[in-house]
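Participant: Let me give you the structure first, and then I'll get to my questions.
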Amino acid sequence: MLTLERKRDRPFDAAELALCETIGQLLGPVFALQQREQRSTWRRASDGVRQGAAALFGPRHPGLKLASLLLLATVLVFSFASWPYRVSSKVVIEGSVQRAMVAPFQGFVGESFVRAGDAVRAGQPLARLEDRELKLERVKWLSEAEQMQRRYRQAAASQERAAMTVAAAQEQQAQAQLALVEERLARATLKAPFEGIVVSGDLSQLLGSPVEQGKVLFEVAPLDAYRVVLHVDERDIAELAIGQRGQIALAGMPYERLPFTVRQITPISTAQEGRNYFRVEARLDQATTRLRPGMEGVGKVEVGDRKLIWIWTHSLVEWLHGQLALAGLSGERQ
């Protein structure tokens, strides 16, 4: 309502009344909007509830009533219905046994016969270290041993027992050094310990370069025994237990589902991309010849039935709980 006042001796004529009515029609919505904006938060909430209830239970808005019933039915179904819950994680295929082939002694790379990805047979040469100096040393100790033998025979012919004892000891020392050189020569050629595939290592671009004793040159894994390694987020690790079953889908085999069984849960986490992940090892029920170490994909572990509403909302609820906890700690520090 818009009220206008004027002195009695100057009444409003018809034209002025029409103008005032027009102004009232224009300013009325503006004043109403300003009044709504000045309401308190509690008043706005109560008005919203009142309007919603009127629309929901009033004689109008049948579409709103139908949508509300469908929403209520969906919430009830999700609250009481259960569904198998599966924990998802990144998967990497590894060989059940992964043998490291290391440099047996300090030397130089002489030849390289294989590289990562090559299939090898048991006993197949992988690489050879430079052995020229070892061969010269073998000749040296062979000559030394023969010389000590001659001295021993000469001492025996002249029946000099002291010289015989010294010559025999020196010959044994030369034979020991010769055996050591022979062993190093035999180990100069690295050979595959079993039939498998070279997982890592490529010396073809490092011929002639020095290598330290104990340096890993190749890693070989078998082709008939694999293990599944799952990197499980710390938020889901509590759901897992030994003996649970699951399936994996690999990027190289997207249309095949390989079943597995959880065998080991490592109690140590590693940080990756700002999150902590636990290493979980599993065994495939049946391996296929198409598998190769290093293949990656996605694995899902069946952990039991959960409410549908929990499955859809637990990640959000846990995130909100973590944010509230962090906010509380920040408030206590201040």
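Chains: A, B, ... in order of the structure tokens. Residues: from 1 per chain. Ligands: from 1, in order shown.
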What's around range 15-27 of chain A at 12 Å? Count only C-alpha atoms, leave out sequence neighbours fewer than 3 positions away in its own chain, and write the answer as a PyMOL selection string.
Facilitator: chain A and resi 1-6+10-12+30-34
Participant: So that I can see what lies close to range 296-311 of chain A, please list as a PyMOL selection string the residues with an atom at most 10 Å from it, counting only C-alpha atoms and leaving out residues fewer than 6 positions away in the same chain.
Facilitator: chain A and resi 74-94+228-232+239-241+244-254+257-262+317
Participant: For Pro210 in chain A, which residue among A:Leu320, A:Val49, A:Val109, A:Val102 is the nearest when counting only C-alpha atoms?
Facilitator: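 Counting only C-alpha atoms, the residue closest to Pro210 in chain A is A:Val109.
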Participant: Got a sec to tell me which of range 76-158 of chain A DSSP assigns to helix (DSSP H, G or I), as a PyMOL selection string?
Facilitator: chain A and resi 76-80+132-157
Participant: I need the residues from that last selection saved to file as a PDB file, in the first residue's frame (with N, CA and C atoms), if you can.
Facilitator:
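Printed below is selection.pdb as written:
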ATOM      1  N   LEU A  76      14.649 -44.199  -0.119  1.00  0.00           N
ATOM      2  CA  LEU A  76      14.312 -45.395   0.669  1.00  0.00           C
ATOM      3  C   LEU A  76      14.998 -46.631   0.097  1.00  0.00           C
ATOM      4  N   VAL A  77      14.988 -46.754  -1.238  1.00  0.00           N
ATOM      5  CA  VAL A  77      15.631 -47.914  -1.858  1.00  0.00           C
ATOM      6  C   VAL A  77      17.128 -47.909  -1.567  1.00  0.00           C
ATOM      7  N   PHE A  78      17.766 -46.755  -1.718  1.00  0.00           N
ATOM      8  CA  PHE A  78      19.205 -46.671  -1.482  1.00  0.00           C
ATOM      9  C   PHE A  78      19.551 -46.853  -0.006  1.00  0.00           C
ATOM     10  N   SER A  79      18.610 -46.551   0.880  1.00  0.00           N
ATOM     11  CA  SER A  79      18.879 -46.669   2.309  1.00  0.00           C
ATOM     12  C   SER A  79      18.756 -48.098   2.812  1.00  0.00           C
ATOM     13  N   PHE A  80      17.941 -48.900   2.180  1.00  0.00           N
ATOM     14  CA  PHE A  80      17.684 -50.247   2.692  1.00  0.00           C
ATOM     15  C   PHE A  80      18.218 -51.342   1.779  1.00  0.00           C
ATOM     16  N   ARG A 132      89.746 -59.862 -21.305  1.00  0.00           N
ATOM     17  CA  ARG A 132      91.107 -59.965 -21.836  1.00  0.00           C
ATOM     18  C   ARG A 132      92.129 -59.963 -20.719  1.00  0.00           C
ATOM     19  N   GLU A 133      91.971 -59.087 -19.741  1.00  0.00           N
ATOM     20  CA  GLU A 133      92.931 -59.048 -18.638  1.00  0.00           C
ATOM     21  C   GLU A 133      92.858 -60.334 -17.814  1.00  0.00           C
ATOM     22  N   LEU A 134      91.660 -60.897 -17.666  1.00  0.00           N
ATOM     23  CA  LEU A 134      91.535 -62.146 -16.921  1.00  0.00           C
ATOM     24  C   LEU A 134      92.245 -63.293 -17.641  1.00  0.00           C
ATOM     25  N   LYS A 135      92.159 -63.316 -18.970  1.00  0.00           N
ATOM     26  CA  LYS A 135      92.842 -64.372 -19.716  1.00  0.00           C
ATOM     27  C   LYS A 135      94.360 -64.235 -19.576  1.00  0.00           C
ATOM     28  N   LEU A 136      94.849 -63.004 -19.594  1.00  0.00           N
ATOM     29  CA  LEU A 136      96.285 -62.800 -19.387  1.00  0.00           C
ATOM     30  C   LEU A 136      96.698 -63.225 -17.985  1.00  0.00           C
ATOM     31  N   GLU A 137      95.852 -62.938 -17.003  1.00  0.00           N
ATOM     32  CA  GLU A 137      96.168 -63.334 -15.638  1.00  0.00           C
ATOM     33  C   GLU A 137      96.142 -64.853 -15.497  1.00  0.00           C
ATOM     34  N   ARG A 138      95.220 -65.508 -16.229  1.00  0.00           N
ATOM     35  CA  ARG A 138      95.198 -66.975 -16.193  1.00  0.00           C
ATOM     36  C   ARG A 138      96.492 -67.561 -16.760  1.00  0.00           C
ATOM     37  N   VAL A 139      96.967 -66.993 -17.862  1.00  0.00           N
ATOM     38  CA  VAL A 139      98.235 -67.456 -18.437  1.00  0.00           C
ATOM     39  C   VAL A 139      99.368 -67.255 -17.431  1.00  0.00           C
ATOM     40  N   LYS A 140      99.332 -66.138 -16.732  1.00  0.00           N
ATOM     41  CA  LYS A 140     100.374 -65.843 -15.747  1.00  0.00           C
ATOM     42  C   LYS A 140     100.400 -66.901 -14.652  1.00  0.00           C
ATOM     43  N   TRP A 141      99.233 -67.232 -14.101  1.00  0.00           N
ATOM     44  CA  TRP A 141      99.214 -68.185 -12.995  1.00  0.00           C
ATOM     45  C   TRP A 141      99.445 -69.612 -13.470  1.00  0.00           C
ATOM     46  N   LEU A 142      99.081 -69.931 -14.724  1.00  0.00           N
ATOM     47  CA  LEU A 142      99.424 -71.235 -15.273  1.00  0.00           C
ATOM     48  C   LEU A 142     100.947 -71.398 -15.366  1.00  0.00           C
ATOM     49  N   SER A 143     101.571 -70.345 -15.860  1.00  0.00           N
ATOM     50  CA  SER A 143     103.032 -70.380 -15.958  1.00  0.00           C
ATOM     51  C   SER A 143     103.671 -70.470 -14.570  1.00  0.00           C
ATOM     52  N   GLU A 144     103.116 -69.727 -13.608  1.00  0.00           N
ATOM     53  CA  GLU A 144     103.651 -69.763 -12.254  1.00  0.00           C
ATOM     54  C   GLU A 144     103.507 -71.154 -11.642  1.00  0.00           C
ATOM     55  N   ALA A 145     102.354 -71.795 -11.880  1.00  0.00           N
ATOM     56  CA  ALA A 145     102.154 -73.136 -11.321  1.00  0.00           C
ATOM     57  C   ALA A 145     103.116 -74.140 -11.958  1.00  0.00           C
ATOM     58  N   GLU A 146     103.324 -74.062 -13.275  1.00  0.00           N
ATOM     59  CA  GLU A 146     104.249 -74.977 -13.935  1.00  0.00           C
ATOM     60  C   GLU A 146     105.683 -74.753 -13.449  1.00  0.00           C
ATOM     61  N   GLN A 147     106.044 -73.507 -13.217  1.00  0.00           N
ATOM     62  CA  GLN A 147     107.392 -73.198 -12.722  1.00  0.00           C
ATOM     63  C   GLN A 147     107.597 -73.772 -11.331  1.00  0.00           C
ATOM     64  N   MET A 148     106.565 -73.692 -10.482  1.00  0.00           N
ATOM     65  CA  MET A 148     106.685 -74.253  -9.140  1.00  0.00           C
ATOM     66  C   MET A 148     106.761 -75.781  -9.189  1.00  0.00           C
ATOM     67  N   GLN A 149     106.076 -76.371 -10.163  1.00  0.00           N
ATOM     68  CA  GLN A 149     106.171 -77.820 -10.310  1.00  0.00           C
ATOM     69  C   GLN A 149     107.591 -78.247 -10.683  1.00  0.00           C
ATOM     70  N   ARG A 150     108.202 -77.493 -11.592  1.00  0.00           N
ATOM     71  CA  ARG A 150     109.578 -77.822 -11.984  1.00  0.00           C
ATOM     72  C   ARG A 150     110.520 -77.669 -10.794  1.00  0.00           C
ATOM     73  N   ARG A 151     110.328 -76.608 -10.007  1.00  0.00           N
ATOM     74  CA  ARG A 151     111.181 -76.436  -8.828  1.00  0.00           C
ATOM     75  C   ARG A 151     110.992 -77.580  -7.843  1.00  0.00           C
ATOM     76  N   TYR A 152     109.761 -78.025  -7.711  1.00  0.00           N
ATOM     77  CA  TYR A 152     109.499 -79.122  -6.783  1.00  0.00           C
ATOM     78  C   TYR A 152     110.201 -80.396  -7.254  1.00  0.00           C
ATOM     79  N   ARG A 153     110.135 -80.664  -8.569  1.00  0.00           N
ATOM     80  CA  ARG A 153     110.785 -81.875  -9.088  1.00  0.00           C
ATOM     81  C   ARG A 153     112.308 -81.786  -8.946  1.00  0.00           C
ATOM     82  N   GLN A 154     112.852 -80.599  -9.182  1.00  0.00           N
ATOM     83  CA  GLN A 154     114.313 -80.435  -9.021  1.00  0.00           C
ATOM     84  C   GLN A 154     114.708 -80.634  -7.559  1.00  0.00           C
ATOM     85  N   ALA A 155     113.907 -80.064  -6.619  1.00  0.00           N
ATOM     86  CA  ALA A 155     114.224 -80.234  -5.202  1.00  0.00           C
ATOM     87  C   ALA A 155     114.086 -81.683  -4.789  1.00  0.00           C
ATOM     88  N   ALA A 156     113.096 -82.382  -5.363  1.00  0.00           N
ATOM     89  CA  ALA A 156     112.916 -83.797  -5.032  1.00  0.00           C
ATOM     90  C   ALA A 156     114.077 -84.629  -5.567  1.00  0.00           C
ATOM     91  N   ALA A 157     114.602 -84.282  -6.765  1.00  0.00           N
ATOM     92  CA  ALA A 157     115.725 -85.027  -7.338  1.00  0.00           C
ATOM     93  C   ALA A 157     116.974 -84.849  -6.491  1.00  0.00           C
TER      94      ALA A 157
END
Participant: Residues near Pro104 in chain A, anyone? I mean within 8 Å using only C-alpha atoms, not counting same-chain ones fewer than 5 positions away, as a JSON list (two decimals) with N, CA and C atoms, in the first residue's frame.
Facilitator:
[["chain", "number", "residue", "atom", "x", "y", "z"],
["A", 184, "ARG", "N", 86.21, -66.36, -12.17],
["A", 184, "ARG", "CA", 85.81, -65.04, -12.65],
["A", 184, "ARG", "C", 85.60, -65.06, -14.15],
["A", 187, "ARG", "N", 82.25, -66.48, -14.82],
["A", 187, "ARG", "CA", 81.17, -65.55, -14.46],
["A", 187, "ARG", "C", 81.17, -64.29, -15.32],
["A", 188, "ALA", "N", 82.16, -64.15, -16.20],
["A", 188, "ALA", "CA", 82.21, -62.96, -17.04],
["A", 188, "ALA", "C", 81.03, -62.92, -18.02],
["A", 213, "GLN", "N", 81.21, -53.57, -9.39],
["A", 213, "GLN", "CA", 80.79, -54.88, -8.89],
["A", 213, "GLN", "C", 79.47, -54.75, -8.12],
["A", 214, "GLY", "N", 78.54, -55.62, -8.44],
["A", 214, "GLY", "CA", 77.24, -55.61, -7.77],
["A", 214, "GLY", "C", 76.19, -54.76, -8.46]]
Participant: Would you list the contacts of Tyr277 in chain A as a short mmCIF file (atom, residue, chain, number, x, y, z; two decimals) with N, CA, C and O atoms, in the first residue's frame, taking every protein, DNA or RNA residue within 8 Å and counting only C-alpha atoms, but skipping same-chain residues closer than 4 positions in sequence?
Facilitator:
data_model
loop_
_atom_site.label_atom_id
_atom_site.label_comp_id
_atom_site.auth_asym_id
_atom_site.auth_seq_id
_atom_site.Cartn_x
_atom_site.Cartn_y
_atom_site.Cartn_z
N HIS A 231 47.84 -51.36 -5.77
CA HIS A 231 48.18 -50.18 -4.98
C HIS A 231 46.87 -49.59 -4.45
O HIS A 231 46.18 -48.86 -5.16
N VAL A 232 46.53 -49.92 -3.19
CA VAL A 232 45.24 -49.59 -2.61
C VAL A 232 45.36 -48.31 -1.80
O VAL A 232 46.29 -48.15 -1.00
N ASP A 233 44.42 -47.41 -2.00
CA ASP A 233 44.39 -46.15 -1.26
C ASP A 233 44.20 -46.43 0.24
O ASP A 233 43.51 -47.37 0.63
N GLU A 234 44.86 -45.59 1.06
CA GLU A 234 44.79 -45.80 2.51
C GLU A 234 43.37 -45.71 3.05
O GLU A 234 43.07 -46.28 4.10
N SER A 269 53.03 -48.09 3.78
CA SER A 269 52.47 -47.31 2.69
C SER A 269 53.57 -46.53 1.97
O SER A 269 54.63 -46.25 2.54
N THR A 270 53.29 -46.18 0.73
CA THR A 270 54.18 -45.35 -0.07
C THR A 270 53.38 -44.16 -0.61
O THR A 270 52.19 -44.30 -0.93
N ALA A 271 54.04 -43.02 -0.69
CA ALA A 271 53.38 -41.80 -1.16
C ALA A 271 53.47 -41.70 -2.66
O ALA A 271 54.56 -41.82 -3.24
N GLN A 272 52.31 -41.49 -3.31
CA GLN A 272 52.25 -41.33 -4.75
C GLN A 272 51.19 -40.29 -5.07
O GLN A 272 50.04 -40.43 -4.67
#
Participant: May I ask which of the residues A:Ala73, A:Ala192, A:Ile237, A:Ala45 is the closest one to Phe218 in chain A, counting only C-alpha atoms?
Facilitator: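 Once distances to Phe218 in chain A are computed over only C-alpha atoms, the minimum belongs to A:Ala192.
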Participant: Enter the distance from CA of Gly117 in chain A to CA of Glu195 in chain A, in Å, rounded to one decimal.
Facilitator: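 Value for the CA of Gly117 in chain A-CA of Glu195 in chain A distance: 13.0 Å.
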